[in-house]
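> Below you will find the structure I want to go over with you.
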Amino acid sequence: MIDFVGYGAKTIPLITIGSNTLTVSLGALFIRPLQRQLQAVTVNVKAPVIENKIDKLVYNTANDITSQGGVALDVLRKVPMVSVDVDGNVELLGNANVRFLINGKPSGIFGASLADALQSIPASQIKSIEVITSPGAKYDAQGTAGIINIVLKESKLQGVNGSINLSAGTRLENGSFNINARKGNIGLNAFFSGNDQLHSTTVSTYNRKSFNSTEDTVTRLYQKGTSPFTRNGYQSGFSLDWSVTPKDELTATIGYDHTQNHGTSSIEQNMQTSTSAGAVFPGIMSVRNSSRRFSENAADWSLAYKKTFKKEGQELDVLYSSSYEKNNIDASQVSSYPNGDYPISGLNSNNPGRDHETDISIDYAQPMAKGFVLQTGAKTVLENIHDLVVTDTLLNNGDYAADSDQTYGFHFVRTIYAGYLSTTF
């Protein structure tokens with residue numbers, strides 16, 4: 001067989017070499033060239049789990065098999081410089097004032113409860129997490145500790161493909177469904193994910209002994225309580241991307257998220273005073289029952305245009321994004337005294353709120369020389385926040401009456417017009 005790159009293979013059969021025929025002459029051989037041209041070469045390289053870039057640290061969640069289960073909070077625990085406590089509070093380099101983005105855009109899901117929002121994003125949906133400790137002028141002046149950008153997965157594969165992820169545990173269960181469809185230069189993506197934190201109960205006890213200045217009177221305070229808690233939520237999204245030309249990309253997204261939690265508490269308290277002479281005063285016994293129910297619904301939609309040029313690093317980005325968040329908190333607390341030391345007391349409160357924010361921005365980057373980039377842009381932020389607190393106080397007859405001293409509302413309007421010019425070198 002004679003073969004060479006760019007030519008067809010030629011096979012010559014029935015060649016015999018033996019003790020009497022050590023040399024065989026085949027004469028002049030001709031092979032036919034193939035009329036084919038190489039169109040493209042695809043090189044697949046797997047990025048490392050952690051990348052240290054000049055302006056940020058990137059944790060590639062998709063390349064860490066141990067991060068495929070769980071939720072965003074579980075992934076953040078593995079990111080350098082980021083710490084997460086048991087209650088879901090996130091700190092960056094020890095500072096809790098962190099600005100969270102999804103795909104580089106603000107989202108209403110982070111409005112009222114950051115821990116609940118991060119619980120609703122499944123780890124299997126996250127491509128990478130970018131930690132920016134020194135954000136440039138392009139980013140808003142929010143989050144003195146820095147910015148954490150959660151980048152969700154996208155697919156450029158032709159045809160239809162999807163995935164289903166399920167995980168279960170003694171504390172949290174979650175699942176997600178993702179489907180992608182692409183034909184030519186148009187792609188669609190849709191996903192749905194949900195999670196449920198199993199019913200948990202926290203038991204607490206408190207025992208305190210205090211003395212007066214002469215230490216002849218002792219007051220003992222004893223508390224015992226239980227606090228059941230549940231949490232669940234879901235996240236959904238749909239996106240359309242259109243490669244108008246090899247250098248022009250148009251992307252539209254829409255998402256809807258829901259999260260809720262419910263916690264109750266029952267605390268028994270007994271306060272008793274005694275003297276060194278042996279006198280014991282009747283104790284004051286009380287029972288405090290409380291309940292708090294939180295729910296949030298958030299919708300996000302955006303339209304983004306990205307244009308690249310022949311010169312590497314030269315690009316134009318135009319973004320319109322808007323989010324609408326609506327949440328509500330119902331809380332109640334009742335204190336009763338079994339021995340009749342004080343009358344029963346309590347209150348109910350309802351706290352509805354809504355937040356609508358629209359961002360319009362344009363950013364342009366121009367490489368001037370090797371290692372020297374000029375960046376400029378402009379942005380408009382329009383935000384409206386409405387909040388209301390309605391409180392009812394429990395009367396001695398068991399009825400509730402409106403409490404004007406603890407009932408109020410406010411309307412907050414913010415309008416920002418900003419621009420920037422910066423260099424990186």
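By convention here, the chains of the structure tokens are called A, B, ... in the order presented, each chain's residues are numbered starting at 1, and ligands are numbered starting at 1 in the order presented.
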Skip segment 81-90 of chain A itself and residues of its chain fewer than 2 positions away, then list as number ranges by chain all residues within 12 Å of it, counting only C-alpha atoms.

A: 56-59, 71-79, 92-100, 113-119, 129-133, 145-148

> Name the residues in contact with Gln197 of chain A at a cut-off of 12 Å, using only C-alpha atoms, excluding same-chain residues fewer than 6 positions from it; report them as a PyMOL selection string.

chain A and resi 70-71+116+119-120+167-174+228-234+259-262

> Could you pull the residues within 8 Å of Tyr320 of chain A, counting only C-alpha atoms, minus those fewer than 3 positions along the same chain, as a count of residues only?

7

> Excluding same-chain residues fewer than 3 positions from Tyr7 of chain A, what lies within 6 Å of it counting only C-alpha atoms, as a VMD selection string?

chain A and resid 4 32 to 34

> Take the residues that were just selected and, keeping N, CA, C and O atoms, output them as a CSV table (one decimal), in the first residue's frame.


chain,number,residue,atom,x,y,z
A,4,PHE,N,-0.1,8.8,1.0
A,4,PHE,CA,0.5,10.1,1.3
A,4,PHE,C,-0.6,11.1,1.6
A,4,PHE,O,-1.7,11.0,1.0
A,32,ARG,N,-3.1,9.1,-7.2
A,32,ARG,CA,-4.0,10.1,-7.7
A,32,ARG,C,-4.2,11.2,-6.5
A,32,ARG,O,-4.6,10.8,-5.4
A,33,PRO,N,-4.0,12.5,-6.8
A,33,PRO,CA,-4.3,13.5,-5.8
A,33,PRO,C,-5.8,13.6,-5.5
A,33,PRO,O,-6.6,13.4,-6.4
A,34,LEU,N,-6.1,13.9,-4.2
A,34,LEU,CA,-7.5,14.1,-3.8
A,34,LEU,C,-7.9,15.6,-3.9
A,34,LEU,O,-7.1,16.4,-3.5

> Determine the nearest neighbour of Gly398 of chain A from the options A:Thr275, A:Thr11, A:Asn207, A:Ser336, counting only C-alpha atoms.

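Under the stated criterion, the closest residue is A:Ser336.
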
> Tell me which of A:Gly278, A:Gly18, A:Gly187, A:Gly255 sits closest to Trp242 of chain A, counting only C-alpha atoms.

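Distance minimum relative to Trp242 of chain A lands on A:Gly187.
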
> When DSSP works through the backbone of this structure, what residues of segment 290-374 of chain A end up as strand (DSSP E or B), shown as number ranges by chain?

A: 290-308, 315-336, 345-369, 372-374

> Within 9 Å of Phe410 of chain A, counting only C-alpha atoms, which residues qualify if same-chain residues fewer than 5 places away don't, as a PDB file with N, CA and C atoms, in the first residue's frame?


ATOM      1  N   ILE A 385     -38.780  51.388  43.838  1.00  0.00           N
ATOM      2  CA  ILE A 385     -39.005  50.466  44.949  1.00  0.00           C
ATOM      3  C   ILE A 385     -40.224  50.942  45.736  1.00  0.00           C
ATOM      4  N   HIS A 386     -41.174  50.041  45.941  1.00  0.00           N
ATOM      5  CA  HIS A 386     -42.345  50.307  46.776  1.00  0.00           C
ATOM      6  C   HIS A 386     -42.335  49.315  47.943  1.00  0.00           C
ATOM      7  N   ASP A 387     -42.595  49.806  49.139  1.00  0.00           N
ATOM      8  CA  ASP A 387     -42.603  48.926  50.308  1.00  0.00           C
ATOM      9  C   ASP A 387     -43.704  49.380  51.269  1.00  0.00           C
ATOM     10  N   LEU A 388     -44.338  48.413  51.910  1.00  0.00           N
ATOM     11  CA  LEU A 388     -45.429  48.702  52.840  1.00  0.00           C
ATOM     12  C   LEU A 388     -45.345  47.754  54.018  1.00  0.00           C
TER      13      LEU A 388
END

> Figure out the distance between atom CA of Ile344 of chain A and atom CA of Met271 of chain A, please, to one decimal in Å.

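Interatomic distance here is 17.1 Å.
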
> Just asking: which residues within segment 13-228 of chain A are alpha helix (DSSP H) according to DSSP, as a list in words?

Ala72, Leu73, Asp74, Val75, Leu76, Leu114, Ala115, Asp116, Ala117, Leu118 and Gln119 of chain A

> Please save C-alpha atoms of the selected residues as an mmCIF file, in the first residue's frame.


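Full text of again_28.cif as output:
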data_model
loop_
_atom_site.group_PDB
_atom_site.id
_atom_site.type_symbol
_atom_site.label_atom_id
_atom_site.label_comp_id
_atom_site.auth_asym_id
_atom_site.auth_seq_id
_atom_site.Cartn_x
_atom_site.Cartn_y
_atom_site.Cartn_z
ATOM 1 C CA ALA A 72 -24.619 27.621 43.981
ATOM 2 C CA LEU A 73 -23.840 27.942 47.696
ATOM 3 C CA ASP A 74 -22.036 24.579 47.605
ATOM 4 C CA VAL A 75 -19.937 25.739 44.627
ATOM 5 C CA LEU A 76 -19.030 29.034 46.306
ATOM 6 C CA LEU A 114 -29.279 36.280 48.912
ATOM 7 C CA ALA A 115 -29.144 32.875 50.638
ATOM 8 C CA ASP A 116 -32.506 31.814 49.165
ATOM 9 C CA ALA A 117 -31.442 32.992 45.695
ATOM 10 C CA LEU A 118 -28.175 31.031 45.788
ATOM 11 C CA GLN A 119 -30.089 27.977 47.010
#
